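Let me begin by presenting the structure, written as structure tokens, before commenting on it.
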Amino acid sequence: FFNYLLTSKLAYFYFSVLRLQRDKGNFQKINKSSILHFPVPHIDKKLLELVEKCKSSEQIDQLIYHAYNFEYKYVQEIEDFYRTSTEKYTLVTKEDIVQYIDEFESIYQSLIENNKNLNFKFYFSDFIGSILQIIITNEKQPFEFNTIRYDKLIGLIVKRNIINKKIIREYKIKIYDDDKFYIFKSNKLKDWTRSQAIKDVNEELTIIFANLRG
């Protein structure tokens, strides 16, 4: 089981975080001590039998998550970390945005009135940046994925007085109107994963609850 554990996505995540925590200039590789200190879950006969029946590494990864009793959001963060690390410069696709929206909507929809719906439009530039427009309306509308020129994408933001430095560096920008808001980020997959959707919704929740308290 330990061999499966060390080749899992969880182990990839764990050792990657260890590397990131090193002091600047420390290029030491993962050593025996790091492996010996790897936290191991409770292993019983049933778990070993289930692992042996697995037909893919994905199934083994899911069993490992279960062995640690990880919550969904932590599992998704590990899965997304692995994918974005191995596809670092991959551009986001329509399928990726559909998954992002599915995650975002599943949490945010509970915050609005029952007769209201979240609708989404996505504007993608293959040069720099992407914008997700989120609109609250009475009727549910089909999701729109739009590929537009860089200058038109920038125009959507500049007319709202957002400085160009943030755009060029692809910092996350949020813009609020009466019945809609916009999220500007890079056009890379790393910014539009399911785990990023959870983080973006949590930011909105923080703002909402802060306003209620204020």
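Please note that chains go A, B, ... in the order of the structure tokens, that every chain numbers its residues from 1, and that ligands are numbered from 1 in the order shown.
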
*Polymer residues at most 9 Å from stretch 176-190 of chain A, only C-alpha atoms, same-chain spacing of 6 or more positions, as a PyMOL selection string*: chain A and resi 80-81+83-85+87-93+96-97+124-137+157+167+169-170+196

*DSSP on the backbone: what in stretch 25-161 of chain A comes out strand (DSSP E or B), as a PyMOL selection string?*
chain A and resi 91+117-124+130-137+144-147

Of A:Trp192, A:Phe145, A:Tyr82, A:Phe122, the one nearest to A:Ser16 when counting only C-alpha atoms is A:Tyr82

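Ranking A:Leu18, A:Ile198, A:Ala67, A:Ile207 by their shortest atom-to-atom distance to A:Ile107, with only C-alpha atoms included, puts A:Ile198 first.
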
Subject >> Those of chain A in DSSP alpha helix (DSSP H), formatted as an MDAnalysis selection string >> reply: chainID A and resid 2:6 9:20 32:36 45:53 57:68 72:86 94:108 150:158 164:168 194:213

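Shortest separation to A:Lys172 among A:Lys121, A:Glu77, A:Pro41, A:Asp200 occurs at residue A:Asp200, atoms counted being only C-alpha atoms.
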
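Residues lying within 10 Å of A:Glu79, counting only C-alpha atoms and ignoring same-chain neighbours fewer than 4 positions away, are Lys9, Leu10, Phe13, Asp61, Lys73, Tyr74, Val75, Arg83, Thr84, Thr193, Arg194 and Ser195 of chain A.
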
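Atom pair atom CA of A:Ile43 / atom CA of A:Gln76: separated by 22.8 Å.
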
Pairwise distance, atom CA of A:Leu47 with atom CA of A:Gln59, equals 12.3 Å

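Proximity ranking of A:Tyr14, A:Leu118, A:Phe38, A:Tyr123 relative to A:Gln141 places A:Leu118 first, based on only C-alpha atoms.
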
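Coordinates place atom CA of A:Phe1 at a distance of 12.4 Å from atom CA of A:Lys53.
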